[in-house]
file query.cif (mmCIF, C-alpha atoms)
data_data
loop_
_atom_site.label_atom_id
_atom_site.label_comp_id
_atom_site.auth_asym_id
_atom_site.auth_seq_id
_atom_site.Cartn_x
_atom_site.Cartn_y
_atom_site.Cartn_z
CA ASP C 1313 -9.26 14.36 3.69
CA THR C 1314 -7.37 16.76 1.48
CA GLY C 1315 -6.52 15.90 -2.08
CA VAL C 1316 -3.43 16.67 -4.10
CA SER C 1317 -2.61 20.37 -3.90
CA GLN C 1318 -0.65 22.30 -6.51
CA ASN C 1319 0.70 25.84 -6.39
CA PRO C 1320 0.61 28.21 -8.05
CA ARG C 1321 -2.48 27.44 -10.11
CA HIS C 1322 -1.47 29.90 -12.78
CA LYS C 1323 1.91 31.34 -13.70
CA ILE C 1324 2.69 33.81 -16.45
CA THR C 1325 6.34 34.41 -17.11
CA LYS C 1326 8.62 35.86 -19.73
CA ARG C 1327 10.78 33.66 -21.86
CA GLY C 1328 14.09 32.95 -20.22
CA GLN C 1329 12.85 33.19 -16.65
CA ASN C 1330 12.85 30.31 -14.18
CA VAL C 1331 9.66 28.98 -12.65
CA THR C 1332 8.97 26.52 -9.86
CA PHE C 1333 5.80 24.55 -9.16
CA ARG C 1334 4.99 22.81 -5.91
CA CYS C 1335 2.91 19.70 -5.34
CA ASP C 1336 1.64 18.44 -2.00
CA PRO C 1337 0.40 14.87 -2.41
CA ILE C 1338 -2.17 13.07 -0.32
CA SER C 1339 -0.38 12.55 2.96
CA GLU C 1340 -0.14 8.75 3.04
CA HIS C 1341 0.84 8.40 -0.63
CA ASN C 1342 4.39 7.24 -1.30
CA ARG C 1343 4.46 7.78 -5.04
CA LEU C 1344 4.29 11.12 -6.76
CA TYR C 1345 4.04 11.77 -10.49
CA TRP C 1346 4.46 14.80 -12.72
CA TYR C 1347 2.69 15.06 -16.08
CA ARG C 1348 2.52 17.77 -18.69
CA GLN C 1349 -0.62 18.47 -20.69
CA THR C 1350 -0.83 20.76 -23.68
CA LEU C 1351 -4.07 22.04 -25.14
CA GLY C 1352 -6.17 19.32 -26.71
CA GLN C 1353 -3.79 16.54 -25.71
CA GLY C 1354 -3.65 13.91 -23.03
CA PRO C 1355 -1.27 14.12 -20.08
CA GLU C 1356 2.33 13.17 -20.92
CA PHE C 1357 4.46 11.52 -18.27
CA LEU C 1358 7.46 13.49 -17.02
CA THR C 1359 8.76 11.77 -13.90
CA TYR C 1360 7.84 9.95 -10.72
CA PHE C 1361 9.13 9.46 -7.22
CA GLN C 1362 8.75 6.80 -4.62
CA ASN C 1363 9.35 8.58 -1.35
CA GLU C 1364 12.38 10.78 -2.06
CA ALA C 1365 13.82 8.59 -4.83
CA GLN C 1366 13.23 9.66 -8.43
CA LEU C 1367 12.60 6.32 -10.12
CA GLU C 1368 11.88 7.29 -13.70
CA LYS C 1369 12.34 10.29 -15.95
CA SER C 1370 10.85 10.79 -19.38
CA ARG C 1371 12.89 11.94 -22.33
CA LEU C 1372 10.54 14.92 -22.31
CA LEU C 1373 12.32 16.08 -19.17
CA SER C 1374 15.11 18.10 -20.73
CA ASP C 1375 18.12 19.46 -18.88
CA ARG C 1376 16.16 22.62 -18.14
CA PHE C 1377 13.68 20.65 -16.04
CA SER C 1378 14.43 19.36 -12.58
CA ALA C 1379 12.16 17.73 -10.06
CA GLU C 1380 12.81 17.05 -6.41
CA ARG C 1381 11.08 15.46 -3.49
CA PRO C 1382 13.63 16.02 -0.74
CA LYS C 1383 11.80 14.60 2.25
CA GLY C 1384 9.46 12.26 0.49
CA SER C 1385 6.53 14.57 1.02
CA PHE C 1386 5.99 17.59 -1.23
CA SER C 1387 7.69 17.88 -4.60
CA THR C 1388 8.89 20.76 -6.72
CA LEU C 1389 9.24 20.98 -10.48
CA GLU C 1390 11.57 23.69 -11.71
CA ILE C 1391 11.89 24.87 -15.27
CA GLN C 1392 14.94 26.96 -16.05
CA ARG C 1393 15.23 29.39 -18.96
CA THR C 1394 11.62 28.91 -19.95
CA GLU C 1395 10.67 28.72 -23.61
CA GLN C 1396 7.31 29.34 -25.24
CA GLY C 1397 7.02 25.62 -25.89
CA ASP C 1398 6.96 25.05 -22.14
CA SER C 1399 3.51 26.62 -21.98
CA ALA C 1400 1.26 23.85 -20.70
CA MET C 1401 -0.65 22.53 -17.72
CA TYR C 1402 1.63 20.72 -15.28
CA LEU C 1403 -0.25 18.03 -13.42
CA CYS C 1404 0.83 16.31 -10.25
CA ALA C 1405 -0.60 13.00 -9.10
CA SER C 1406 0.01 10.67 -6.20
CA SER C 1407 -0.75 7.09 -5.25
CA PRO C 1408 0.00 4.82 -2.32
CA THR C 1409 2.43 1.96 -2.83
CA GLY C 1410 0.67 -1.31 -3.36
CA ALA C 1411 -2.61 0.49 -3.89
CA GLY C 1412 -5.35 -2.08 -3.89
CA ARG C 1413 -6.09 -3.68 -7.19
CA THR C 1414 -6.57 -0.61 -9.29
CA GLY C 1415 -3.63 1.63 -8.41
CA GLU C 1416 -5.27 4.70 -9.85
CA LEU C 1417 -3.53 8.02 -9.63
CA PHE C 1418 -5.06 10.90 -7.72
CA PHE C 1419 -4.51 14.16 -9.56
CA GLY C 1420 -4.30 17.75 -8.45
CA GLU C 1421 -5.94 20.59 -10.34
CA GLY C 1422 -2.74 21.45 -12.15
CA SER C 1423 -0.49 24.46 -12.55
CA ARG C 1424 -0.96 26.31 -15.81
CA LEU C 1425 2.18 27.92 -17.21
CA THR C 1426 2.10 30.62 -19.87
CA VAL C 1427 5.44 31.72 -21.30
CA LEU C 1428 5.32 35.03 -23.16
CA ALA F 1074 3.24 3.23 -32.25
CA GLN F 1075 0.76 4.88 -29.98
CA LYS F 1076 -0.11 2.82 -26.96
CA ILE F 1077 -3.54 4.37 -26.49
CA THR F 1078 -5.66 5.51 -29.43
CA GLN F 1079 -8.72 7.68 -29.12
CA THR F 1080 -9.74 8.84 -32.57
CA GLN F 1081 -13.30 10.00 -32.19
CA PRO F 1082 -13.91 13.66 -32.85
CA GLY F 1083 -16.03 15.57 -30.39
CA MET F 1084 -19.01 13.51 -29.30
CA PHE F 1085 -22.50 14.79 -28.68
CA VAL F 1086 -25.25 13.01 -26.77
CA GLN F 1087 -28.72 13.93 -25.72
CA GLU F 1088 -29.33 14.13 -22.00
CA LYS F 1089 -30.53 10.81 -20.53
CA GLU F 1090 -29.24 8.80 -23.48
CA ALA F 1091 -26.27 6.41 -23.45
CA VAL F 1092 -22.99 7.10 -25.19
CA THR F 1093 -19.92 5.00 -26.00
CA LEU F 1094 -16.43 6.46 -26.06
CA ASP F 1095 -13.89 4.38 -27.96
CA CYS F 1096 -10.42 3.38 -26.88
CA THR F 1097 -7.96 0.96 -28.45
CA TYR F 1098 -4.59 0.08 -26.99
CA ASP F 1099 -1.38 -1.60 -27.99
CA THR F 1100 0.74 -3.76 -25.74
CA SER F 1101 2.67 -6.97 -25.92
CA ASP F 1102 2.30 -7.59 -22.21
CA GLN F 1103 -0.22 -10.08 -20.87
CA SER F 1104 -0.69 -8.19 -17.63
CA TYR F 1105 -1.93 -4.63 -17.80
CA GLY F 1106 -4.62 -2.32 -16.52
CA LEU F 1107 -6.89 0.09 -18.32
CA PHE F 1108 -8.29 3.27 -16.82
CA TRP F 1109 -10.73 5.97 -17.79
CA TYR F 1110 -10.48 9.50 -16.44
CA LYS F 1111 -12.77 12.49 -16.79
CA GLN F 1112 -11.41 16.02 -17.03
CA PRO F 1113 -14.01 18.78 -16.67
CA SER F 1114 -13.19 22.35 -17.58
CA SER F 1115 -11.79 22.91 -14.08
CA GLY F 1116 -8.82 20.78 -15.12
CA GLU F 1117 -8.74 18.10 -12.44
CA MET F 1118 -8.45 14.51 -13.64
CA ILE F 1119 -11.13 12.35 -12.05
CA PHE F 1120 -10.77 8.57 -12.00
CA LEU F 1121 -13.86 6.77 -13.31
CA ILE F 1122 -13.25 3.08 -13.84
CA TYR F 1123 -10.59 0.37 -14.05
CA GLN F 1124 -10.29 -2.91 -15.96
CA GLY F 1125 -7.57 -5.44 -15.37
CA SER F 1126 -6.41 -7.57 -18.28
CA TYR F 1127 -7.23 -10.75 -16.41
CA ASP F 1128 -10.66 -9.62 -15.23
CA GLU F 1129 -13.25 -11.93 -16.68
CA GLN F 1130 -16.13 -9.55 -16.35
CA ASN F 1131 -16.46 -6.04 -17.68
CA ALA F 1132 -16.02 -3.40 -15.02
CA THR F 1133 -18.96 -1.29 -13.90
CA GLU F 1134 -19.12 1.75 -11.62
CA GLY F 1135 -22.54 3.30 -11.32
CA ARG F 1136 -23.47 4.78 -14.71
CA TYR F 1137 -20.06 3.86 -16.14
CA SER F 1138 -19.24 0.50 -17.66
CA LEU F 1139 -16.27 -0.66 -19.63
CA ASN F 1140 -16.77 -2.78 -22.75
CA PHE F 1141 -13.53 -4.74 -22.67
CA GLN F 1142 -12.70 -6.79 -25.77
CA LYS F 1143 -9.27 -8.22 -25.15
CA ALA F 1144 -8.76 -9.88 -28.51
CA ARG F 1145 -9.55 -6.63 -30.27
CA LYS F 1146 -7.55 -4.62 -27.73
CA SER F 1147 -10.38 -2.25 -27.12
CA ALA F 1148 -11.71 -0.79 -23.87
CA ASN F 1149 -14.68 1.40 -24.66
CA LEU F 1150 -16.37 3.46 -21.97
CA VAL F 1151 -20.15 3.39 -21.87
CA ILE F 1152 -21.96 6.14 -20.01
CA SER F 1153 -25.62 5.43 -19.42
CA ALA F 1154 -28.32 8.03 -18.75
CA SER F 1155 -26.07 10.97 -19.65
CA GLN F 1156 -26.27 14.07 -17.49
CA LEU F 1157 -25.31 17.64 -18.28
CA GLY F 1158 -22.46 17.32 -15.80
CA ASP F 1159 -20.93 14.58 -17.94
CA SER F 1160 -19.78 17.20 -20.45
CA ALA F 1161 -15.99 16.98 -20.24
CA MET F 1162 -12.85 15.50 -21.78
CA TYR F 1163 -12.48 11.76 -21.30
CA PHE F 1164 -9.12 10.02 -21.33
CA CYS F 1165 -8.30 6.35 -21.65
CA ALA F 1166 -5.05 5.25 -20.04
CA MET F 1167 -3.02 2.09 -19.60
CA ARG F 1168 -0.55 0.75 -17.10
CA GLU F 1169 1.41 -2.20 -18.39
CA TYR F 1170 2.34 -3.65 -14.97
CA PRO F 1171 -0.72 -3.61 -12.76
CA GLY F 1172 0.00 -3.34 -9.09
CA ALA F 1173 3.54 -2.10 -9.60
CA ASN F 1174 2.44 1.51 -9.55
CA SER F 1175 4.29 2.41 -12.70
CA LYS F 1176 3.17 5.32 -14.83
CA LEU F 1177 -0.07 5.59 -16.75
CA THR F 1178 0.09 6.30 -20.48
CA PHE F 1179 -2.82 8.41 -21.69
CA GLY F 1180 -4.59 8.80 -25.00
CA LYS F 1181 -5.37 12.17 -26.55
CA GLY F 1182 -8.87 12.22 -25.16
CA ILE F 1183 -12.39 12.70 -26.43
CA THR F 1184 -14.61 15.71 -25.83
CA LEU F 1185 -18.13 14.82 -24.81
CA SER F 1186 -20.93 17.37 -24.89
CA VAL F 1187 -24.30 16.53 -23.39
CA ARG F 1188 -27.24 18.40 -24.90
CA PRO F 1189 -30.29 19.25 -22.78
#

call {"tool": "encode", "arguments": {"input": "query.cif", "output": "structure tokens"}}
result
Amino acid sequence: DTGVSQNPRHKITKRGQNVTFRCDPISEHNRLYWYRQTLGQGPEFLTYFQNEAQLEKSRLLSDRFSAERPKGSFSTLEIQRTEQGDSAMYLCASSPTGAGRTGELFFGEGSRLTVL
Amino acid sequence: AQKITQTQPGMFVQEKEAVTLDCTYDTSDQSYGLFWYKQPSSGEMIFLIYQGSYDEQNATEGRYSLNFQKARKSANLVISASQLGDSAMYFCAMREYPGANSKLTFGKGITLSVRP
């Protein structure tokens, strides 16, 4: 049983460049979430998908951010024209629809972005 | 207003002793769920324990128990018999519609250090 997989684990880029992160959820999980976590803070919600449909987007997700889940399996998070303030850990999580009574999210190990 | 408040500074506990990590929350909903996650230095968020707002008994999972005081809107995590491997960040989180698989809102976290 494989968990949530995120790639790349680390990305260093120059300001103004575009970056893309990939998340492969647990295979039977319908819902997929993206969070952002800055140093010393808790994860902040960005967006989530049920299958291929993007059901909710946070106001934190500016026009430079776009997330897709084209076939309802893996997802990508793209950041265009990166800024130093985008430096953070980007966490992906998944959960099955109607998950038991707890509905906890299963997280990947995150993709750390450093914008120089 | 913050939905999840974790105000303790870094916590220290002696190995084999118990420790309580505080969490207060704010919601006007009657139905909600509360979660605790552990984040070791590796970065992965690990689910520990869940408490539903209608659960009559406090949740327990091994060495973890949740001291749920609904009227005070607090959901403190108690770790018994602390181990060195418990050193990590701990996050309290809330979902305001249990079972609907909506997003979790996290607090800022508490750093726990276990001393040998």

call {"tool": "atom_distance", "arguments": {"input": "query.cif", "atom1": "atom CA of Tyr1345 of chain C", "atom2": "atom CA of Thr1184 of chain F"}}
result
24.5 Å

call {"tool": "closest_residue", "arguments": {"input": "query.cif", "among": "F:Pro1113, F:Gly1180, F:Gly1083, F:Gly1158", "to": "chain C", "atoms": "all atoms listed in the file"}}
result
F:Gly1180

call {"tool": "interface_residues", "arguments": {"input": "query.cif", "of": "chain F", "to": "chain C", "cutoff": "8 Å", "atoms": "all atoms listed in the file", "output": "PDB file with C-alpha atoms, keeping the file's coordinate frame"}}
result
ATOM      1  CA  GLY F1106      -4.620  -2.320 -16.520  1.00  0.00           C
ATOM      2  CA  PHE F1108      -8.290   3.270 -16.820  1.00  0.00           C
ATOM      3  CA  SER F1115     -11.790  22.910 -14.080  1.00  0.00           C
ATOM      4  CA  GLY F1116      -8.820  20.780 -15.120  1.00  0.00           C
ATOM      5  CA  GLU F1117      -8.740  18.100 -12.440  1.00  0.00           C
ATOM      6  CA  MET F1118      -8.450  14.510 -13.640  1.00  0.00           C
ATOM      7  CA  ILE F1119     -11.130  12.350 -12.050  1.00  0.00           C
ATOM      8  CA  PHE F1120     -10.770   8.570 -12.000  1.00  0.00           C
ATOM      9  CA  TYR F1123     -10.590   0.370 -14.050  1.00  0.00           C
ATOM     10  CA  GLN F1124     -10.290  -2.910 -15.960  1.00  0.00           C
ATOM     11  CA  GLY F1125      -7.570  -5.440 -15.370  1.00  0.00           C
ATOM     12  CA  PHE F1164      -9.120  10.020 -21.330  1.00  0.00           C
ATOM     13  CA  PRO F1171      -0.720  -3.610 -12.760  1.00  0.00           C
ATOM     14  CA  GLY F1172       0.000  -3.340  -9.090  1.00  0.00           C
ATOM     15  CA  ALA F1173       3.540  -2.100  -9.600  1.00  0.00           C
ATOM     16  CA  ASN F1174       2.440   1.510  -9.550  1.00  0.00           C
ATOM     17  CA  LYS F1176       3.170   5.320 -14.830  1.00  0.00           C
ATOM     18  CA  LEU F1177      -0.070   5.590 -16.750  1.00  0.00           C
ATOM     19  CA  THR F1178       0.090   6.300 -20.480  1.00  0.00           C
ATOM     20  CA  PHE F1179      -2.820   8.410 -21.690  1.00  0.00           C
ATOM     21  CA  GLY F1180      -4.590   8.800 -25.000  1.00  0.00           C
ATOM     22  CA  LYS F1181      -5.370  12.170 -26.550  1.00  0.00           C
ATOM     23  CA  GLY F1182      -8.870  12.220 -25.160  1.00  0.00           C
TER      24      GLY F1182
END

call {"tool": "resolve_selection", "arguments": {"input": "query.cif", "expression": "the PyMOL selection byres ((chain C and resi 1375-1391) around 6)", "output": "PDB file with C-alpha atoms, in the coordinates of the input"}}
result
ATOM      1  CA  ASN C1330      12.850  30.310 -14.180  1.00  0.00           C
ATOM      2  CA  VAL C1331       9.660  28.980 -12.650  1.00  0.00           C
ATOM      3  CA  THR C1332       8.970  26.520  -9.860  1.00  0.00           C
ATOM      4  CA  PHE C1333       5.800  24.550  -9.160  1.00  0.00           C
ATOM      5  CA  ARG C1334       4.990  22.810  -5.910  1.00  0.00           C
ATOM      6  CA  CYS C1335       2.910  19.700  -5.340  1.00  0.00           C
ATOM      7  CA  ASP C1336       1.640  18.440  -2.000  1.00  0.00           C
ATOM      8  CA  ASN C1363       9.350   8.580  -1.350  1.00  0.00           C
ATOM      9  CA  GLU C1364      12.380  10.780  -2.060  1.00  0.00           C
ATOM     10  CA  LEU C1373      12.320  16.080 -19.170  1.00  0.00           C
ATOM     11  CA  SER C1374      15.110  18.100 -20.730  1.00  0.00           C
ATOM     12  CA  GLN C1392      14.940  26.960 -16.050  1.00  0.00           C
TER      13      GLN C1392
END

call {"tool": "atom_distance", "arguments": {"input": "query.cif", "atom1": "atom CA of Thr1325 of chain C", "atom2": "atom CA of Met1162 of chain F"}}
result
27.3 Å

call {"tool": "atom_distance", "arguments": {"input": "query.cif", "atom1": "atom CA of Ser1155 of chain F", "atom2": "atom CA of Ile1122 of chain F"}}
result
16.1 Å

call {"tool": "resolve_selection", "arguments": {"input": "query.cif", "expression": "the PyMOL selection byres ((chain F and resi 1134) around 10)", "output": "list in words"}}
result
Leu1121, Ile1122, Tyr1123, Ala1132, Thr1133, Gly1135, Arg1136, Tyr1137, Ser1138, Leu1139 and Ile1152 of chain F

call {"tool": "resolve_selection", "arguments": {"input": "query.cif", "expression": "the PyMOL selection byres ((chain F and resi 1157) around 12)", "output": "number ranges by chain"}}
result
F: 1085-1090, 1113, 1154-1156, 1158-1161, 1185-1189

call {"tool": "closest_residue", "arguments": {"input": "query.cif", "among": "F:Gln1142, F:Ser1153, F:Gln1081, F:Ser1175", "to": "Ser1126 of chain F", "atoms": "only C-alpha atoms"}}
result
F:Gln1142

call {"tool": "residues_near_point", "arguments": {"input": "query.cif", "point": "(-6.3, 4.8, -30.5)", "cutoff": "6 Å", "atoms": "all atoms listed in the file", "output": "number ranges by chain"}}
result
F: 1077-1080, 1096-1097

call {"tool": "closest_residue", "arguments": {"input": "query.cif", "among": "C:Ser1399, C:Thr1426, C:Gln1366, C:Gln1329", "to": "Thr1350 of chain C", "atoms": "all atoms listed in the file"}}
result
C:Ser1399

call {"tool": "closest_residue", "arguments": {"input": "query.cif", "among": "C:Asn1342, C:Ala1365, C:Leu1428, C:Asn1319", "to": "Asp1398 of chain C", "atoms": "all atoms listed in the file"}}
result
C:Leu1428

call {"tool": "decode", "arguments": {"input": "query.cif", "residues": "segment 1108-1132 of chain F", "atoms": "N, CA, C and O atoms", "output": "JSON list (two decimals), in the first residue's frame"}}
result
[["chain", "number", "residue", "atom", "x", "y", "z"],
["F", 1108, "PHE", "N", -9.37, 17.05, 15.03],
["F", 1108, "PHE", "CA", -8.28, 16.14, 14.69],
["F", 1108, "PHE", "C", -6.98, 16.64, 15.31],
["F", 1108, "PHE", "O", -6.77, 17.85, 15.47],
["F", 1109, "TRP", "N", -6.11, 15.71, 15.61],
["F", 1109, "TRP", "CA", -4.73, 16.04, 15.96],
["F", 1109, "TRP", "C", -3.79, 15.30, 14.99],
["F", 1109, "TRP", "O", -4.00, 14.12, 14.70],
["F", 1110, "TYR", "N", -2.80, 16.07, 14.52],
["F", 1110, "TYR", "CA", -1.78, 15.52, 13.64],
["F", 1110, "TYR", "C", -0.41, 15.78, 14.26],
["F", 1110, "TYR", "O", -0.19, 16.78, 14.94],
["F", 1111, "LYS", "N", 0.50, 14.89, 13.96],
["F", 1111, "LYS", "CA", 1.91, 15.02, 14.36],
["F", 1111, "LYS", "C", 2.74, 15.25, 13.11],
["F", 1111, "LYS", "O", 2.52, 14.61, 12.09],
["F", 1112, "GLN", "N", 3.68, 16.18, 13.20],
["F", 1112, "GLN", "CA", 4.58, 16.43, 12.08],
["F", 1112, "GLN", "C", 6.02, 16.37, 12.56],
["F", 1112, "GLN", "O", 6.55, 17.32, 13.12],
["F", 1113, "PRO", "N", 6.68, 15.23, 12.36],
["F", 1113, "PRO", "CA", 8.10, 15.14, 12.73],
["F", 1113, "PRO", "C", 8.95, 15.97, 11.76],
["F", 1113, "PRO", "O", 8.43, 16.55, 10.81],
["F", 1114, "SER", "N", 10.23, 16.00, 12.01],
["F", 1114, "SER", "CA", 11.12, 16.83, 11.19],
["F", 1114, "SER", "C", 11.13, 16.40, 9.73],
["F", 1114, "SER", "O", 11.49, 17.19, 8.86],
["F", 1115, "SER", "N", 10.74, 15.18, 9.44],
["F", 1115, "SER", "CA", 10.68, 14.72, 8.05],
["F", 1115, "SER", "C", 9.61, 15.44, 7.25],
["F", 1115, "SER", "O", 9.64, 15.45, 6.02],
["F", 1116, "GLY", "N", 8.63, 16.04, 7.93],
["F", 1116, "GLY", "CA", 7.65, 16.87, 7.24],
["F", 1116, "GLY", "C", 6.29, 16.23, 7.02],
["F", 1116, "GLY", "O", 5.32, 16.95, 6.79],
["F", 1117, "GLU", "N", 6.19, 14.92, 7.07],
["F", 1117, "GLU", "CA", 4.90, 14.29, 6.80],
["F", 1117, "GLU", "C", 3.94, 14.48, 7.96],
["F", 1117, "GLU", "O", 4.30, 14.35, 9.11],
["F", 1118, "MET", "N", 2.70, 14.79, 7.64],
["F", 1118, "MET", "CA", 1.65, 14.95, 8.65],
["F", 1118, "MET", "C", 1.06, 13.59, 8.96],
["F", 1118, "MET", "O", 0.57, 12.89, 8.06],
["F", 1119, "ILE", "N", 1.07, 13.23, 10.23],
["F", 1119, "ILE", "CA", 0.61, 11.90, 10.65],
["F", 1119, "ILE", "C", -0.64, 12.08, 11.51],
["F", 1119, "ILE", "O", -0.61, 12.76, 12.53],
["F", 1120, "PHE", "N", -1.73, 11.45, 11.10],
["F", 1120, "PHE", "CA", -2.97, 11.53, 11.85],
["F", 1120, "PHE", "C", -2.86, 10.76, 13.15],
["F", 1120, "PHE", "O", -2.36, 9.63, 13.17],
["F", 1121, "LEU", "N", -3.30, 11.38, 14.25],
["F", 1121, "LEU", "CA", -3.21, 10.74, 15.56],
["F", 1121, "LEU", "C", -4.56, 10.31, 16.12],
["F", 1121, "LEU", "O", -4.73, 9.18, 16.57],
["F", 1122, "ILE", "N", -5.54, 11.26, 16.12],
["F", 1122, "ILE", "CA", -6.75, 10.99, 16.86],
["F", 1122, "ILE", "C", -7.86, 11.92, 16.38],
["F", 1122, "ILE", "O", -7.59, 13.03, 15.87],
["F", 1123, "TYR", "N", -9.10, 11.45, 16.50],
["F", 1123, "TYR", "CA", -10.27, 12.20, 16.06],
["F", 1123, "TYR", "C", -11.33, 12.22, 17.16],
["F", 1123, "TYR", "O", -11.51, 11.23, 17.88],
["F", 1124, "GLN", "N", -12.04, 13.37, 17.24],
["F", 1124, "GLN", "CA", -13.16, 13.51, 18.16],
["F", 1124, "GLN", "C", -14.32, 14.16, 17.43],
["F", 1124, "GLN", "O", -14.17, 15.25, 16.89],
["F", 1125, "GLY", "N", -15.45, 13.51, 17.40],
["F", 1125, "GLY", "CA", -16.64, 14.10, 16.82],
["F", 1125, "GLY", "C", -17.38, 14.92, 17.86],
["F", 1125, "GLY", "O", -17.38, 14.58, 19.04],
["F", 1126, "SER", "N", -18.06, 15.96, 17.40],
["F", 1126, "SER", "CA", -18.73, 16.86, 18.35],
["F", 1126, "SER", "C", -19.84, 16.17, 19.11],
["F", 1126, "SER", "O", -20.21, 16.60, 20.21],
["F", 1127, "TYR", "N", -20.39, 15.11, 18.55],
["F", 1127, "TYR", "CA", -21.48, 14.41, 19.23],
["F", 1127, "TYR", "C", -21.00, 13.18, 20.00],
["F", 1127, "TYR", "O", -21.80, 12.50, 20.63],
["F", 1128, "ASP", "N", -19.71, 12.93, 19.95],
["F", 1128, "ASP", "CA", -19.19, 11.77, 20.69],
["F", 1128, "ASP", "C", -19.31, 12.04, 22.18],
["F", 1128, "ASP", "O", -18.87, 13.08, 22.67],
["F", 1129, "GLU", "N", -19.87, 11.08, 22.89],
["F", 1129, "GLU", "CA", -20.09, 11.29, 24.32],
["F", 1129, "GLU", "C", -18.84, 11.01, 25.14],
["F", 1129, "GLU", "O", -18.67, 11.54, 26.24],
["F", 1130, "GLN", "N", -18.00, 10.15, 24.61],
["F", 1130, "GLN", "CA", -16.78, 9.81, 25.34],
["F", 1130, "GLN", "C", -15.57, 10.44, 24.67],
["F", 1130, "GLN", "O", -15.53, 10.63, 23.46],
["F", 1131, "ASN", "N", -14.57, 10.73, 25.46],
["F", 1131, "ASN", "CA", -13.32, 11.24, 24.92],
["F", 1131, "ASN", "C", -12.63, 10.16, 24.11],
["F", 1131, "ASN", "O", -12.60, 8.99, 24.50],
["F", 1132, "ALA", "N", -12.07, 10.56, 22.98],
["F", 1132, "ALA", "CA", -11.39, 9.62, 22.11],
["F", 1132, "ALA", "C", -10.06, 9.19, 22.71],
["F", 1132, "ALA", "O", -9.38, 9.96, 23.40]]
